[in-house]
>>> print(open('input.cif').read())   # mmCIF, C-alpha atoms
data_start
loop_
_atom_site.label_atom_id
_atom_site.label_comp_id
_atom_site.auth_asym_id
_atom_site.auth_seq_id
_atom_site.Cartn_x
_atom_site.Cartn_y
_atom_site.Cartn_z
CA GLY A 1 105.40 94.02 91.55
CA VAL A 2 103.57 96.97 93.12
CA ALA A 3 102.07 99.90 91.23
CA VAL A 4 101.15 103.05 93.13
CA ILE A 5 98.42 105.36 91.90
CA SER A 6 97.74 108.44 93.99
CA LEU A 7 94.24 109.78 94.52
CA MET A 8 93.77 113.49 95.07
CA TYR A 9 90.16 113.73 96.17
CA ARG A 10 88.04 116.85 96.39
CA LEU A 11 88.25 119.02 99.48
CA LYS A 12 86.58 122.22 100.61
CA PRO A 13 86.59 124.42 98.53
CA PRO A 14 85.41 123.71 95.85
CA SER A 15 83.52 120.79 97.40
CA ARG A 16 80.44 121.65 99.41
CA ASN A 17 80.10 118.07 100.67
CA VAL A 18 83.59 116.67 101.18
CA ALA A 19 82.47 113.26 102.52
CA ALA A 20 80.18 112.59 99.54
CA ASP A 21 82.61 113.97 96.96
CA ALA A 22 85.59 112.10 98.43
CA LEU A 23 83.56 108.87 98.43
CA ALA A 24 82.62 109.42 94.78
CA ASP A 25 86.26 110.17 93.93
CA GLY A 26 87.42 107.01 95.73
CA ARG A 27 84.86 104.88 93.91
CA ARG A 28 85.85 106.32 90.55
CA ALA A 29 89.56 105.83 91.27
CA VAL A 30 89.13 102.11 91.99
CA ARG A 31 86.89 101.70 88.94
CA LEU A 32 89.30 103.62 86.71
CA THR A 33 92.24 101.51 87.87
CA ARG A 34 90.29 98.30 87.33
CA ALA A 35 89.11 99.41 83.88
CA HIS A 36 92.70 100.15 82.78
CA ALA A 37 94.37 97.29 84.69
CA ALA A 38 95.38 95.27 81.62
CA GLU A 39 96.74 98.37 79.87
CA TRP A 40 98.69 99.38 83.00
CA GLY A 41 99.95 95.86 83.80
CA ILE A 42 97.92 95.56 87.00
CA ASP A 43 95.98 92.54 88.24
CA PRO A 44 92.35 93.79 88.37
CA HIS A 45 91.72 91.52 91.37
CA LYS A 46 94.55 92.94 93.47
CA ILE A 47 93.61 96.59 93.71
CA GLY A 48 93.96 97.98 97.20
CA MET A 49 94.01 101.32 98.92
CA VAL A 50 96.23 102.80 101.61
CA GLY A 51 95.27 105.97 103.41
CA TRP A 52 96.31 108.03 106.41
CA SER A 53 94.01 110.09 108.61
CA ALA A 54 91.24 111.55 106.41
CA GLY A 55 92.41 109.24 103.62
CA GLY A 56 91.88 106.30 105.98
CA ASN A 57 88.38 107.62 106.65
CA LEU A 58 87.67 107.89 102.93
CA ILE A 59 88.72 104.25 102.44
CA LEU A 60 86.70 103.07 105.44
CA ASN A 61 83.69 104.94 104.07
CA LEU A 62 84.26 103.40 100.62
CA ILE A 63 84.51 99.85 101.96
CA THR A 64 81.54 100.13 104.30
CA HIS A 65 79.26 101.82 101.77
CA PRO A 66 79.60 99.61 98.70
CA ASP A 67 77.75 100.34 95.53
CA SER A 68 77.17 98.30 92.42
CA PRO A 69 78.72 98.77 89.00
CA VAL A 70 76.63 101.14 86.90
CA ALA A 71 74.81 99.20 84.19
CA GLY A 72 74.76 101.18 80.97
CA GLY A 73 77.46 103.53 82.22
CA ASP A 74 80.81 104.01 80.57
CA ALA A 75 83.48 101.28 80.69
CA VAL A 76 84.80 102.67 83.98
CA ASP A 77 81.38 102.83 85.67
CA GLN A 78 80.76 99.18 84.84
CA GLN A 79 83.64 98.11 87.11
CA SER A 80 83.44 97.29 90.82
CA SER A 81 84.50 100.07 93.18
CA ARG A 82 85.28 97.63 96.00
CA PRO A 83 88.98 97.55 96.89
CA ASP A 84 90.40 94.04 97.26
CA PHE A 85 92.31 95.05 100.41
CA ALA A 86 93.09 98.21 102.35
CA ALA A 87 95.35 99.78 104.96
CA LEU A 88 93.88 102.36 107.29
CA LEU A 89 96.63 104.25 109.09
CA SER A 90 95.55 106.54 111.90
CA PRO A 91 91.97 106.45 110.53
CA TRP A 92 90.24 109.69 111.44
CA PRO A 93 86.61 109.16 112.55
CA ASP A 94 85.35 112.49 111.12
CA GLY A 95 83.26 113.00 114.26
CA GLN A 96 81.31 109.81 113.57
CA SER A 97 80.76 106.69 115.65
CA ILE A 98 81.62 103.21 114.43
CA ALA A 99 77.90 102.69 113.66
CA THR A 100 78.37 105.01 110.66
CA TYR A 101 80.64 102.40 109.09
CA PRO A 102 78.74 99.07 108.91
CA VAL A 103 80.90 96.17 107.75
CA PRO A 104 79.41 94.76 104.53
CA LYS A 105 79.13 91.06 103.82
CA ASN A 106 82.47 89.66 102.60
CA ALA A 107 84.35 92.85 103.37
CA PRO A 108 87.90 93.03 102.01
CA PRO A 109 90.80 92.34 104.37
CA ILE A 110 92.14 95.40 106.12
CA PHE A 111 95.27 96.40 107.98
CA VAL A 112 94.75 99.05 110.67
CA GLY A 113 97.53 101.01 112.35
CA ASN A 114 97.12 103.49 115.19
CA ALA A 115 99.15 105.02 118.01
CA VAL A 116 97.85 105.03 121.56
CA ASP A 117 98.86 108.69 121.91
CA ASP A 118 97.11 109.82 118.70
CA HIS A 119 94.61 112.51 119.72
CA THR A 120 93.43 113.32 116.20
CA ALA A 121 92.52 109.73 115.32
CA PRO A 122 91.87 108.12 118.71
CA VAL A 123 93.01 104.52 119.08
CA VAL A 124 89.57 103.60 120.46
CA PHE A 125 88.10 104.26 117.01
CA ALA A 126 90.70 102.05 115.33
CA GLU A 127 90.03 99.36 117.94
CA ALA A 128 86.29 99.60 117.19
CA VAL A 129 86.96 99.16 113.45
CA VAL A 130 89.08 96.09 114.17
CA LYS A 131 86.41 94.65 116.48
CA GLU A 132 83.69 95.13 113.85
CA TRP A 133 85.81 93.34 111.22
CA LYS A 134 86.56 90.47 113.62
CA ASP A 135 82.91 90.19 114.67
CA ALA A 136 81.93 89.97 111.00
CA GLY A 137 84.50 87.21 110.47
CA ASP A 138 86.46 89.23 107.94
CA PRO A 139 90.28 89.35 107.86
CA VAL A 140 91.89 92.17 109.81
CA ARG A 141 95.35 92.90 111.23
CA PHE A 142 95.97 95.57 113.83
CA MET A 143 99.26 97.30 114.56
CA LYS A 144 99.05 99.41 117.68
CA VAL A 145 102.06 101.42 118.81
CA ASP A 146 102.37 103.36 122.05
CA THR A 147 103.94 106.58 120.79
CA GLY A 148 104.28 108.70 117.71
CA GLY A 149 100.98 110.55 117.73
CA HIS A 150 99.09 111.21 114.52
CA GLY A 151 102.23 110.94 112.38
CA SER A 152 103.34 107.65 113.90
CA PHE A 153 103.03 105.68 110.65
CA GLU A 154 105.12 108.00 108.50
CA ILE A 155 108.30 106.42 107.17
CA GLY A 156 111.31 107.48 109.23
CA THR A 157 109.47 108.34 112.45
CA ALA A 158 110.30 106.97 115.88
CA GLY A 159 107.95 104.82 117.91
CA GLY A 160 107.66 101.68 115.78
CA GLY A 161 104.88 102.74 113.43
CA HIS A 162 107.36 103.35 110.61
CA ASN A 163 107.68 99.56 110.27
CA TRP A 164 104.08 99.20 109.09
CA PRO A 165 104.91 98.32 105.43
CA ALA A 166 106.61 95.05 106.40
CA GLN A 167 103.62 94.04 108.54
CA PHE A 168 101.13 95.16 105.92
CA LEU A 169 102.80 93.20 103.13
CA THR A 170 102.58 89.94 105.09
#
>>> encode(input="input.cif", output="structure tokens")
Amino acid sequence: GVAVISLMYRLKPPSRNVAADALADGRRAVRLTRAHAAEWGIDPHKIGMVGWSAGGNLILNLITHPDSPVAGGDAVDQQSSRPDFAALLSPWPDGQSIATYPVPKNAPPIFVGNAVDDHTAPVVFAEAVVKEWKDAGDPVRFMKVDTGGHGSFEIGTAGGGHNWPAQFLT
């Protein structure tokens, strides 16, 4: 009952503005999936995103910077780009503070996973994301593990993070 569609978003090079291009690619991917949901046997109201590290940042950026469907655009542009749920695993802050990612009204539920010993995606950033979601009254689950570093949520790793799918699915 789960379909997986992988997004390969633009990086440098050829992108000159990775954050903007990745955000545009993420928006288009959700819209494209929603536009073809019936054809692909997917519920258009159960489209989520899962991302690690920079992918987690892309999803956080997408959720916190919503846009509206494009009136008069093609059939894909007329769809919502808002994911219905998301998992942010070891979300990388991209040098930004939590203020860069304002929680929109009625934000989708998120699952956040981070290791205490992750120095690339510090746990304090993940904790700030979780706090913002809770303060906004939106659904959030947090899985914090002590060890495993930045790869702690890869399947087959030690430290407990590898069990995230079972917690995410609940």
>>> closest_residue(input="input.cif", among="A:His162, A:Ala29, A:Leu60, A:Ile110", to="A:Gln96", atoms="all atoms listed in the file")
A:Leu60
>>> closest_residue(input="input.cif", among="A:Ser15, A:Ser81, A:Thr64, A:Ser97", to="A:Arg28", atoms="all atoms listed in the file")
A:Ser81
>>> atom_distance(input="input.cif", atom1="atom CA of A:Asn106", atom2="atom CA of A:Pro69")
16.8 Å
>>> atom_distance(input="input.cif", atom1="atom CA of A:Ile155", atom2="atom CA of A:Trp52")
12.1 Å
>>> residues_around(input="input.cif", residues="A:Phe85", least_positions_apart="6", cutoff="12 Å", atoms="only C-alpha atoms", output="list in words")
Val30, His45, Lys46, Ile47, Gly48, Met49, Val50, Gly51, Ile59, Leu60, Leu62, Ile63, Asn106, Ala107, Pro108, Pro109, Ile110, Phe111, Val112, Asp138, Pro139, Val140, Arg141, Phe168 and Leu169 of chain A
>>> residues_around(input="input.cif", residues="A:Ala136", least_positions_apart="4", cutoff="9 Å", atoms="only C-alpha atoms", output="ChimeraX atom specification")
/A:103-107,131-132
>>> residues_around(input="input.cif", residues="A:Asp21", least_positions_apart="2", cutoff="12 Å", atoms="all atoms listed in the file", output="VMD selection string")
chain A and resid 8 to 19 23 to 28 58 61 to 62
>>> decode(input="input.cif", residues="stretch 39-129 of chain A", atoms="C-alpha atoms", output="short mmCIF file (atom, residue, chain, number, x, y, z; two decimals), in the first residue's frame")
data_model
loop_
_atom_site.label_atom_id
_atom_site.label_comp_id
_atom_site.auth_asym_id
_atom_site.auth_seq_id
_atom_site.Cartn_x
_atom_site.Cartn_y
_atom_site.Cartn_z
CA GLU A 39 -3.26 7.00 -13.06
CA TRP A 40 -0.57 5.71 -10.68
CA GLY A 41 -3.02 4.25 -8.13
CA ILE A 42 -2.10 6.74 -5.40
CA ASP A 43 -4.46 8.53 -3.03
CA PRO A 44 -3.93 12.24 -3.88
CA HIS A 45 -4.58 13.13 -0.22
CA LYS A 46 -1.88 10.84 1.16
CA ILE A 47 1.23 12.19 -0.52
CA GLY A 48 4.14 12.57 1.84
CA MET A 49 7.85 13.15 1.68
CA VAL A 50 10.79 11.57 3.50
CA GLY A 51 14.22 13.14 3.39
CA TRP A 52 17.60 12.83 5.06
CA SER A 53 20.03 15.66 5.74
CA ALA A 54 19.77 18.16 2.85
CA GLY A 55 16.65 16.31 1.69
CA GLY A 56 15.14 16.92 5.12
CA ASN A 57 16.00 20.60 4.73
CA LEU A 58 14.35 20.70 1.31
CA ILE A 59 11.16 19.22 2.78
CA LEU A 60 11.21 21.58 5.77
CA ASN A 61 11.66 24.49 3.37
CA LEU A 62 8.79 23.21 1.21
CA ILE A 63 6.41 22.81 4.14
CA THR A 64 7.25 26.15 5.74
CA HIS A 65 7.12 28.14 2.51
CA PRO A 66 3.82 27.06 0.98
CA ASP A 67 2.63 28.43 -2.30
CA SER A 68 -0.71 28.27 -4.04
CA PRO A 69 -1.67 26.24 -7.08
CA VAL A 70 -0.97 28.17 -10.27
CA ALA A 71 -4.25 29.31 -11.82
CA GLY A 72 -4.07 29.03 -15.59
CA GLY A 73 -0.98 26.83 -15.41
CA ASP A 74 -0.77 23.32 -16.76
CA ALA A 75 -2.63 20.44 -15.05
CA VAL A 76 0.36 19.83 -12.77
CA ASP A 77 0.72 23.49 -11.71
CA GLN A 78 -2.93 23.58 -10.69
CA GLN A 79 -2.29 21.02 -7.92
CA SER A 80 -1.27 21.75 -4.33
CA SER A 81 2.43 21.40 -3.57
CA ARG A 82 1.79 20.85 0.15
CA PRO A 83 2.78 17.35 1.32
CA ASP A 84 0.17 15.66 3.50
CA PHE A 85 2.86 14.42 5.91
CA ALA A 86 6.64 14.30 6.10
CA ALA A 87 9.62 12.68 7.79
CA LEU A 88 12.70 14.78 8.40
CA LEU A 89 15.66 12.57 9.28
CA SER A 90 18.79 14.34 10.48
CA PRO A 91 17.45 17.61 9.00
CA TRP A 92 20.38 19.79 8.02
CA PRO A 93 19.82 23.47 8.90
CA ASP A 94 21.81 24.82 5.90
CA GLY A 95 23.38 27.44 8.17
CA GLN A 96 19.96 28.91 8.96
CA SER A 97 18.17 29.48 12.24
CA ILE A 98 14.73 28.07 12.99
CA ALA A 99 13.28 31.54 12.22
CA THR A 100 13.94 30.82 8.53
CA TYR A 101 11.33 28.06 8.68
CA PRO A 102 8.04 29.55 9.98
CA VAL A 103 5.36 26.95 10.62
CA PRO A 104 2.36 27.73 8.39
CA LYS A 105 -1.22 27.50 9.57
CA ASN A 106 -2.44 23.88 9.53
CA ALA A 107 1.00 22.49 8.80
CA PRO A 108 1.12 18.80 7.87
CA PRO A 109 2.14 16.27 10.52
CA ILE A 110 5.84 15.57 10.66
CA PHE A 111 8.12 12.91 12.07
CA VAL A 112 11.60 14.14 13.03
CA GLY A 113 14.56 11.90 13.79
CA ASN A 114 17.98 13.02 14.97
CA ALA A 115 20.99 11.66 16.85
CA VAL A 116 22.46 13.53 19.79
CA ASP A 117 25.96 12.97 18.39
CA ASP A 118 25.11 14.27 14.88
CA HIS A 119 27.49 17.16 14.21
CA THR A 120 26.32 17.82 10.64
CA ALA A 121 22.64 18.20 11.57
CA PRO A 122 22.74 19.24 15.23
CA VAL A 123 20.01 17.80 17.44
CA VAL A 124 19.29 21.31 18.76
CA PHE A 125 17.97 22.26 15.31
CA ALA A 126 15.70 19.20 15.19
CA GLU A 127 14.50 20.01 18.72
CA ALA A 128 13.72 23.57 17.60
CA VAL A 129 11.68 22.25 14.64
#
